[in-house]
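Report on one structure; see the data block that follows.
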Amino acid sequence: MATLYQLHSSMDKLERSTEELSRTWHAGDSILLLGTTVAFIDWLNASLGENDIDGIAGIYALSDDVAQLTPNIVTQLNLAAKLTGLLTDDEWVTLTQDSQFDKVVTVAL
């Protein structure tokens, strides 16, 4: 079974949050970026590699969180290529209840 990690981190705590995530990570797990964390996706990807986190099944973000970013930033981040999907609040709830995940873990330092 897989874990869905909900990651809510500021830029200054992203490395530590990723280290915490790595302690229980297994290939096939997924990540949901909450709040402003989506704006740090490039740093997150670098940190994932540094912490030997691989085999990611999906990286998701909430559409409301992405809507808080300017269109220019969204384009520069190239989120369409880096995210598995954008979720509404209802889709988020459905994802957390999906049978593919045996647990949902929130990392918010």
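Following the order of the structure tokens, chains are lettered A, B, ..., residues in each are numbered from 1, and ligands are numbered from 1.
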Among stretch 26-64 of chain A, which ones does DSSP place in strand (DSSP E), written as a PDB file with all heavy atoms, in the first residue's frame?
```pdb
ATOM      1  N   SER A  30       2.819   9.198  -2.848  1.00  0.00           N
ATOM      2  CA  SER A  30       2.480  10.433  -3.548  1.00  0.00           C
ATOM      3  C   SER A  30       2.588  11.623  -2.608  1.00  0.00           C
ATOM      4  O   SER A  30       2.576  11.462  -1.381  1.00  0.00           O
ATOM      5  CB  SER A  30       1.053  10.355  -4.112  1.00  0.00           C
ATOM      6  OG  SER A  30       0.962   9.380  -5.117  1.00  0.00           O
ATOM      7  N   ILE A  31       2.648  12.818  -3.196  1.00  0.00           N
ATOM      8  CA  ILE A  31       2.787  14.057  -2.435  1.00  0.00           C
ATOM      9  C   ILE A  31       1.714  15.039  -2.893  1.00  0.00           C
ATOM     10  O   ILE A  31       1.500  15.229  -4.090  1.00  0.00           O
ATOM     11  CB  ILE A  31       4.176  14.694  -2.653  1.00  0.00           C
ATOM     12  CG1 ILE A  31       5.289  13.729  -2.242  1.00  0.00           C
ATOM     13  CG2 ILE A  31       4.286  16.016  -1.902  1.00  0.00           C
ATOM     14  CD1 ILE A  31       6.687  14.191  -2.644  1.00  0.00           C
ATOM     15  N   LEU A  32       1.056  15.667  -1.924  1.00  0.00           N
ATOM     16  CA  LEU A  32       0.128  16.751  -2.188  1.00  0.00           C
ATOM     17  C   LEU A  32       0.724  18.012  -1.584  1.00  0.00           C
ATOM     18  O   LEU A  32       0.997  18.054  -0.382  1.00  0.00           O
ATOM     19  CB  LEU A  32      -1.244  16.465  -1.569  1.00  0.00           C
ATOM     20  CG  LEU A  32      -2.264  17.592  -1.612  1.00  0.00           C
ATOM     21  CD1 LEU A  32      -2.611  17.971  -3.047  1.00  0.00           C
ATOM     22  CD2 LEU A  32      -3.514  17.204  -0.843  1.00  0.00           C
ATOM     23  N   LEU A  33       0.981  19.015  -2.410  1.00  0.00           N
ATOM     24  CA  LEU A  33       1.561  20.274  -1.951  1.00  0.00           C
ATOM     25  C   LEU A  33       0.451  21.201  -1.483  1.00  0.00           C
ATOM     26  O   LEU A  33      -0.487  21.477  -2.229  1.00  0.00           O
ATOM     27  CB  LEU A  33       2.357  20.925  -3.080  1.00  0.00           C
ATOM     28  CG  LEU A  33       3.439  20.048  -3.714  1.00  0.00           C
ATOM     29  CD1 LEU A  33       4.101  20.767  -4.875  1.00  0.00           C
ATOM     30  CD2 LEU A  33       4.456  19.628  -2.683  1.00  0.00           C
ATOM     31  N   GLY A  58       2.884  10.350  -7.747  1.00  0.00           N
ATOM     32  CA  GLY A  58       2.239  11.575  -8.197  1.00  0.00           C
ATOM     33  C   GLY A  58       2.526  12.732  -7.278  1.00  0.00           C
ATOM     34  O   GLY A  58       2.739  12.555  -6.078  1.00  0.00           O
ATOM     35  N   ILE A  59       2.553  13.928  -7.868  1.00  0.00           N
ATOM     36  CA  ILE A  59       2.665  15.166  -7.102  1.00  0.00           C
ATOM     37  C   ILE A  59       1.466  16.019  -7.495  1.00  0.00           C
ATOM     38  O   ILE A  59       1.269  16.330  -8.676  1.00  0.00           O
ATOM     39  CB  ILE A  59       3.981  15.920  -7.389  1.00  0.00           C
ATOM     40  CG1 ILE A  59       5.186  15.077  -6.986  1.00  0.00           C
ATOM     41  CG2 ILE A  59       3.992  17.265  -6.657  1.00  0.00           C
ATOM     42  CD1 ILE A  59       6.531  15.733  -7.255  1.00  0.00           C
ATOM     43  N   TYR A  60       0.675  16.379  -6.497  1.00  0.00           N
ATOM     44  CA  TYR A  60      -0.554  17.127  -6.707  1.00  0.00           C
ATOM     45  C   TYR A  60      -0.493  18.465  -5.988  1.00  0.00           C
ATOM     46  O   TYR A  60       0.296  18.646  -5.068  1.00  0.00           O
ATOM     47  CB  TYR A  60      -1.747  16.340  -6.156  1.00  0.00           C
ATOM     48  CG  TYR A  60      -1.882  14.962  -6.748  1.00  0.00           C
ATOM     49  CD1 TYR A  60      -1.262  13.869  -6.148  1.00  0.00           C
ATOM     50  CD2 TYR A  60      -2.622  14.753  -7.894  1.00  0.00           C
ATOM     51  CE1 TYR A  60      -1.378  12.595  -6.687  1.00  0.00           C
ATOM     52  CE2 TYR A  60      -2.746  13.482  -8.444  1.00  0.00           C
ATOM     53  CZ  TYR A  60      -2.120  12.411  -7.837  1.00  0.00           C
ATOM     54  OH  TYR A  60      -2.223  11.155  -8.379  1.00  0.00           O
ATOM     55  N   ALA A  61      -1.356  19.380  -6.407  1.00  0.00           N
ATOM     56  CA  ALA A  61      -1.523  20.659  -5.722  1.00  0.00           C
ATOM     57  C   ALA A  61      -2.999  21.020  -5.775  1.00  0.00           C
ATOM     58  O   ALA A  61      -3.748  20.528  -6.617  1.00  0.00           O
ATOM     59  CB  ALA A  61      -0.680  21.747  -6.380  1.00  0.00           C
ATOM     60  N   LEU A  62      -3.399  21.874  -4.869  1.00  0.00           N
ATOM     61  CA  LEU A  62      -4.778  22.353  -4.848  1.00  0.00           C
ATOM     62  C   LEU A  62      -4.929  23.514  -5.820  1.00  0.00           C
ATOM     63  O   LEU A  62      -4.101  24.444  -5.832  1.00  0.00           O
ATOM     64  CB  LEU A  62      -5.177  22.784  -3.443  1.00  0.00           C
ATOM     65  CG  LEU A  62      -5.152  21.684  -2.392  1.00  0.00           C
ATOM     66  CD1 LEU A  62      -5.482  22.253  -1.017  1.00  0.00           C
ATOM     67  CD2 LEU A  62      -6.115  20.570  -2.760  1.00  0.00           C
TER      68      LEU A  62
END
```
Check the DSSP output for the backbone and give back, as a PyMOL selection string, the residues of stretch 57-97 of chain A in alpha helix (DSSP H).
-> chain A and resi 63-67+71-77+79-82+89-96
Write the residues of the preceding selection, restricted to N, CA, C and O atoms, as a short mmCIF file (atom, residue, chain, number, x, y, z; two decimals), in the first residue's frame.
```cif
data_model
loop_
_atom_site.label_atom_id
_atom_site.label_comp_id
_atom_site.auth_asym_id
_atom_site.auth_seq_id
_atom_site.Cartn_x
_atom_site.Cartn_y
_atom_site.Cartn_z
N SER A 63 -5.98 23.47 -6.62
CA SER A 63 -6.18 24.52 -7.63
C SER A 63 -6.33 25.89 -6.97
O SER A 63 -5.87 26.89 -7.52
N ASP A 64 -6.94 25.95 -5.79
CA ASP A 64 -7.07 27.24 -5.08
C ASP A 64 -5.71 27.81 -4.69
O ASP A 64 -5.51 29.02 -4.72
N ASP A 65 -4.78 26.94 -4.32
CA ASP A 65 -3.43 27.40 -3.96
C ASP A 65 -2.68 27.93 -5.18
O ASP A 65 -1.99 28.94 -5.11
N VAL A 66 -2.81 27.23 -6.30
CA VAL A 66 -2.16 27.68 -7.53
C VAL A 66 -2.77 28.99 -8.01
O VAL A 66 -2.07 29.87 -8.50
N ALA A 67 -4.07 29.16 -7.80
CA ALA A 67 -4.74 30.40 -8.21
C ALA A 67 -4.23 31.62 -7.44
O ALA A 67 -4.37 32.75 -7.92
N PRO A 71 -0.14 34.62 -12.77
CA PRO A 71 -0.03 33.82 -14.01
C PRO A 71 1.41 33.71 -14.49
O PRO A 71 1.82 32.66 -15.00
N ASN A 72 2.20 34.77 -14.32
CA ASN A 72 3.59 34.75 -14.74
C ASN A 72 4.39 33.71 -13.96
O ASN A 72 5.19 32.97 -14.52
N ILE A 73 4.16 33.63 -12.65
CA ILE A 73 4.87 32.65 -11.82
C ILE A 73 4.45 31.23 -12.20
O ILE A 73 5.29 30.34 -12.31
N VAL A 74 3.17 31.03 -12.43
CA VAL A 74 2.68 29.70 -12.84
C VAL A 74 3.37 29.28 -14.14
O VAL A 74 3.81 28.14 -14.28
N THR A 75 3.48 30.21 -15.07
CA THR A 75 4.15 29.90 -16.34
C THR A 75 5.63 29.61 -16.12
O THR A 75 6.16 28.64 -16.66
N GLN A 76 6.30 30.42 -15.32
CA GLN A 76 7.72 30.21 -15.06
C GLN A 76 7.98 28.89 -14.35
O GLN A 76 8.97 28.22 -14.63
N LEU A 77 7.10 28.51 -13.44
CA LEU A 77 7.27 27.25 -12.73
C LEU A 77 6.96 26.04 -13.60
O LEU A 77 7.36 24.93 -13.27
N LEU A 79 4.18 24.46 -14.03
CA LEU A 79 3.48 23.51 -13.17
C LEU A 79 2.77 22.41 -13.95
O LEU A 79 2.68 21.28 -13.47
N ALA A 80 2.31 22.73 -15.13
CA ALA A 80 1.60 21.71 -15.94
C ALA A 80 2.50 20.51 -16.20
O ALA A 80 2.02 19.37 -16.26
N ALA A 81 3.79 20.74 -16.33
CA ALA A 81 4.73 19.65 -16.60
C ALA A 81 5.23 18.97 -15.33
O ALA A 81 5.72 17.85 -15.38
N LYS A 82 5.10 19.63 -14.19
CA LYS A 82 5.69 19.12 -12.94
C LYS A 82 4.67 18.49 -12.00
O LYS A 82 5.05 17.78 -11.09
N ASP A 89 -11.09 21.12 -3.82
CA ASP A 89 -11.21 20.65 -2.44
C ASP A 89 -11.92 19.30 -2.38
O ASP A 89 -11.53 18.42 -1.63
N ASP A 90 -12.97 19.14 -3.18
CA ASP A 90 -13.69 17.86 -3.20
C ASP A 90 -12.81 16.73 -3.72
O ASP A 90 -12.84 15.62 -3.18
N GLU A 91 -12.02 17.01 -4.75
CA GLU A 91 -11.12 15.99 -5.29
C GLU A 91 -10.03 15.64 -4.28
O GLU A 91 -9.59 14.49 -4.20
N TRP A 92 -9.59 16.62 -3.50
CA TRP A 92 -8.61 16.39 -2.44
C TRP A 92 -9.16 15.41 -1.42
O TRP A 92 -8.51 14.42 -1.07
N VAL A 93 -10.37 15.65 -0.96
CA VAL A 93 -11.01 14.75 0.00
C VAL A 93 -11.13 13.35 -0.59
O VAL A 93 -10.82 12.35 0.06
N THR A 94 -11.57 13.27 -1.83
CA THR A 94 -11.69 11.97 -2.50
C THR A 94 -10.35 11.26 -2.58
O THR A 94 -10.26 10.05 -2.34
N LEU A 95 -9.29 12.01 -2.91
CA LEU A 95 -7.96 11.42 -2.99
C LEU A 95 -7.51 10.85 -1.65
O LEU A 95 -6.94 9.76 -1.59
N THR A 96 -7.77 11.58 -0.58
CA THR A 96 -7.35 11.10 0.75
C THR A 96 -8.10 9.84 1.17
O THR A 96 -7.63 9.11 2.03
#
```
May I have a table of the residues of stretch 10-74 of chain A lying at most 12 Å from stretch 98-105 of chain A, giving each one's closest pair of atoms and their distance in Å to one decimal, counting only C-alpha atoms, ordered by chain and ascending residue number, as JSON lines?
```
{"residue": "A:Glu20", "atom": "CA", "partner": "A:Val105", "partner_atom": "CA", "distance": 11.0}
{"residue": "A:Leu21", "atom": "CA", "partner": "A:Val105", "partner_atom": "CA", "distance": 9.0}
{"residue": "A:Thr24", "atom": "CA", "partner": "A:Val105", "partner_atom": "CA", "distance": 10.0}
{"residue": "A:Trp25", "atom": "CA", "partner": "A:Val105", "partner_atom": "CA", "distance": 10.7}
{"residue": "A:Gly28", "atom": "CA", "partner": "A:Gln100", "partner_atom": "CA", "distance": 9.9}
{"residue": "A:Asp29", "atom": "CA", "partner": "A:Phe101", "partner_atom": "CA", "distance": 8.2}
{"residue": "A:Ser30", "atom": "CA", "partner": "A:Phe101", "partner_atom": "CA", "distance": 8.9}
{"residue": "A:Ile31", "atom": "CA", "partner": "A:Val105", "partner_atom": "CA", "distance": 9.5}
{"residue": "A:Leu32", "atom": "CA", "partner": "A:Val104", "partner_atom": "CA", "distance": 10.0}
{"residue": "A:Ala57", "atom": "CA", "partner": "A:Gln100", "partner_atom": "CA", "distance": 10.8}
```
Atoms to include: N, CA, C and O atoms. Write the selected residues as a PDB file, in the first residue's frame.
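Output file out.pdb is given in full below:
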```
ATOM      1  N   GLU A  20      12.132  14.910   6.912  1.00  0.00           N
ATOM      2  CA  GLU A  20      11.125  14.186   7.690  1.00  0.00           C
ATOM      3  C   GLU A  20      10.349  13.216   6.795  1.00  0.00           C
ATOM      4  O   GLU A  20      10.108  12.077   7.178  1.00  0.00           O
ATOM      5  N   LEU A  21       9.993  13.675   5.639  1.00  0.00           N
ATOM      6  CA  LEU A  21       9.264  12.835   4.686  1.00  0.00           C
ATOM      7  C   LEU A  21      10.088  11.612   4.293  1.00  0.00           C
ATOM      8  O   LEU A  21       9.561  10.511   4.161  1.00  0.00           O
ATOM      9  N   THR A  24      10.097   7.875   6.193  1.00  0.00           N
ATOM     10  CA  THR A  24       9.113   6.809   6.006  1.00  0.00           C
ATOM     11  C   THR A  24       8.722   6.606   4.541  1.00  0.00           C
ATOM     12  O   THR A  24       7.790   5.871   4.246  1.00  0.00           O
ATOM     13  N   TRP A  25       9.440   7.240   3.636  1.00  0.00           N
ATOM     14  CA  TRP A  25       9.114   7.193   2.201  1.00  0.00           C
ATOM     15  C   TRP A  25       9.309   5.800   1.619  1.00  0.00           C
ATOM     16  O   TRP A  25      10.269   5.109   1.937  1.00  0.00           O
ATOM     17  N   GLY A  28       6.351   4.612  -4.803  1.00  0.00           N
ATOM     18  CA  GLY A  28       4.927   4.464  -5.038  1.00  0.00           C
ATOM     19  C   GLY A  28       4.073   5.400  -4.199  1.00  0.00           C
ATOM     20  O   GLY A  28       2.861   5.491  -4.411  1.00  0.00           O
ATOM     21  N   ASP A  29       4.699   6.117  -3.251  1.00  0.00           N
ATOM     22  CA  ASP A  29       3.982   7.105  -2.457  1.00  0.00           C
ATOM     23  C   ASP A  29       3.741   8.359  -3.296  1.00  0.00           C
ATOM     24  O   ASP A  29       4.388   8.563  -4.330  1.00  0.00           O
ATOM     25  N   SER A  30       2.819   9.198  -2.848  1.00  0.00           N
ATOM     26  CA  SER A  30       2.480  10.433  -3.548  1.00  0.00           C
ATOM     27  C   SER A  30       2.588  11.623  -2.608  1.00  0.00           C
ATOM     28  O   SER A  30       2.576  11.462  -1.381  1.00  0.00           O
ATOM     29  N   ILE A  31       2.648  12.818  -3.196  1.00  0.00           N
ATOM     30  CA  ILE A  31       2.787  14.057  -2.435  1.00  0.00           C
ATOM     31  C   ILE A  31       1.714  15.039  -2.893  1.00  0.00           C
ATOM     32  O   ILE A  31       1.500  15.229  -4.090  1.00  0.00           O
ATOM     33  N   LEU A  32       1.056  15.667  -1.924  1.00  0.00           N
ATOM     34  CA  LEU A  32       0.128  16.751  -2.188  1.00  0.00           C
ATOM     35  C   LEU A  32       0.724  18.012  -1.584  1.00  0.00           C
ATOM     36  O   LEU A  32       0.997  18.054  -0.382  1.00  0.00           O
ATOM     37  N   ALA A  57       4.767   8.387  -7.144  1.00  0.00           N
ATOM     38  CA  ALA A  57       3.632   8.035  -7.996  1.00  0.00           C
ATOM     39  C   ALA A  57       2.941   9.281  -8.540  1.00  0.00           C
ATOM     40  O   ALA A  57       2.454   9.280  -9.670  1.00  0.00           O
TER      41      ALA A  57
END
```
Computed interatomic separation between atom CA of A:Glu50 and atom CA of A:Gly35 (Å) =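 Atom CA of A:Gly35 lies 22.9 Å from atom CA of A:Glu50.
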Write out as a PyMOL selection string the residues lying within 7 Å of stretch 52-54 of chain A, counting only C-alpha atoms and excluding same-chain residues fewer than 2 positions away.
-> chain A and resi 22+25+27+48-50+56
Filtering to all heavy atoms, could you give me those residues as a PDB file, in the first residue's frame?
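The result, written out as out-v9.pdb:
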```pdb
ATOM      1  N   SER A  22      11.382  11.792   4.161  1.00  0.00           N
ATOM      2  CA  SER A  22      12.260  10.701   3.706  1.00  0.00           C
ATOM      3  C   SER A  22      12.361   9.553   4.709  1.00  0.00           C
ATOM      4  O   SER A  22      12.693   8.432   4.329  1.00  0.00           O
ATOM      5  CB  SER A  22      13.660  11.228   3.385  1.00  0.00           C
ATOM      6  OG  SER A  22      14.364  11.553   4.570  1.00  0.00           O
ATOM      7  N   TRP A  25       9.440   7.240   3.636  1.00  0.00           N
ATOM      8  CA  TRP A  25       9.114   7.193   2.201  1.00  0.00           C
ATOM      9  C   TRP A  25       9.309   5.800   1.619  1.00  0.00           C
ATOM     10  O   TRP A  25      10.269   5.109   1.937  1.00  0.00           O
ATOM     11  CB  TRP A  25       9.992   8.183   1.435  1.00  0.00           C
ATOM     12  CG  TRP A  25       9.652   8.185  -0.024  1.00  0.00           C
ATOM     13  CD1 TRP A  25      10.269   7.482  -1.010  1.00  0.00           C
ATOM     14  CD2 TRP A  25       8.592   8.899  -0.643  1.00  0.00           C
ATOM     15  NE1 TRP A  25       9.655   7.721  -2.207  1.00  0.00           N
ATOM     16  CE2 TRP A  25       8.612   8.589  -2.001  1.00  0.00           C
ATOM     17  CE3 TRP A  25       7.612   9.774  -0.172  1.00  0.00           C
ATOM     18  CZ2 TRP A  25       7.704   9.133  -2.915  1.00  0.00           C
ATOM     19  CZ3 TRP A  25       6.704  10.310  -1.072  1.00  0.00           C
ATOM     20  CH2 TRP A  25       6.766   9.984  -2.424  1.00  0.00           C
ATOM     21  N   ALA A  27       8.842   3.894  -2.440  1.00  0.00           N
ATOM     22  CA  ALA A  27       8.502   4.078  -3.844  1.00  0.00           C
ATOM     23  C   ALA A  27       7.025   3.775  -4.033  1.00  0.00           C
ATOM     24  O   ALA A  27       6.490   2.828  -3.450  1.00  0.00           O
ATOM     25  CB  ALA A  27       9.358   3.153  -4.710  1.00  0.00           C
ATOM     26  N   LEU A  48      14.154  16.559  -2.847  1.00  0.00           N
ATOM     27  CA  LEU A  48      13.758  15.152  -2.939  1.00  0.00           C
ATOM     28  C   LEU A  48      14.927  14.300  -3.406  1.00  0.00           C
ATOM     29  O   LEU A  48      15.191  13.236  -2.852  1.00  0.00           O
ATOM     30  CB  LEU A  48      12.567  14.986  -3.889  1.00  0.00           C
ATOM     31  CG  LEU A  48      11.251  15.615  -3.449  1.00  0.00           C
ATOM     32  CD1 LEU A  48      10.221  15.529  -4.579  1.00  0.00           C
ATOM     33  CD2 LEU A  48      10.728  14.990  -2.175  1.00  0.00           C
ATOM     34  N   GLY A  49      15.655  14.793  -4.406  1.00  0.00           N
ATOM     35  CA  GLY A  49      16.817  14.068  -4.907  1.00  0.00           C
ATOM     36  C   GLY A  49      17.925  13.961  -3.876  1.00  0.00           C
ATOM     37  O   GLY A  49      18.551  12.908  -3.737  1.00  0.00           O
ATOM     38  N   GLU A  50      18.147  15.025  -3.129  1.00  0.00           N
ATOM     39  CA  GLU A  50      19.185  15.020  -2.097  1.00  0.00           C
ATOM     40  C   GLU A  50      18.860  14.057  -0.959  1.00  0.00           C
ATOM     41  O   GLU A  50      19.751  13.571  -0.281  1.00  0.00           O
ATOM     42  CB  GLU A  50      19.367  16.431  -1.530  1.00  0.00           C
ATOM     43  CG  GLU A  50      19.987  17.399  -2.510  1.00  0.00           C
ATOM     44  CD  GLU A  50      19.964  18.830  -2.002  1.00  0.00           C
ATOM     45  OE1 GLU A  50      19.563  19.077  -0.844  1.00  0.00           O
ATOM     46  OE2 GLU A  50      20.335  19.721  -2.785  1.00  0.00           O
ATOM     47  N   ILE A  56       8.201   8.413  -7.052  1.00  0.00           N
ATOM     48  CA  ILE A  56       7.017   9.189  -6.695  1.00  0.00           C
ATOM     49  C   ILE A  56       5.893   8.845  -7.674  1.00  0.00           C
ATOM     50  O   ILE A  56       6.051   8.993  -8.882  1.00  0.00           O
ATOM     51  CB  ILE A  56       7.310  10.695  -6.741  1.00  0.00           C
ATOM     52  CG1 ILE A  56       8.426  11.032  -5.752  1.00  0.00           C
ATOM     53  CG2 ILE A  56       6.053  11.510  -6.465  1.00  0.00           C
ATOM     54  CD1 ILE A  56       8.980  12.431  -5.898  1.00  0.00           C
TER      55      ILE A  56
END
```
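For the choices A:Ser9, A:Asn51, A:Asn45, A:Thr36, the atom-to-atom distance to A:Gln68 is smallest for A:Thr36 when using only C-alpha atoms.
The two atoms in question, atom CA of A:Ser17 and atom CA of A:Val107, are spaced 6.5 Å apart.
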Tell me, in Å to one decimal, how far atom CA of A:Leu109 is from atom CA of A:Asp12.
->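 Going from atom CA of A:Leu109 over to atom CA of A:Asp12 covers 10.1 Å.
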Using only C-alpha atoms, which of the listed residues (A:Gly55, A:Arg16, A:Thr37, A:Arg23) sits closest to A:Ala2?
-> A:Gly55
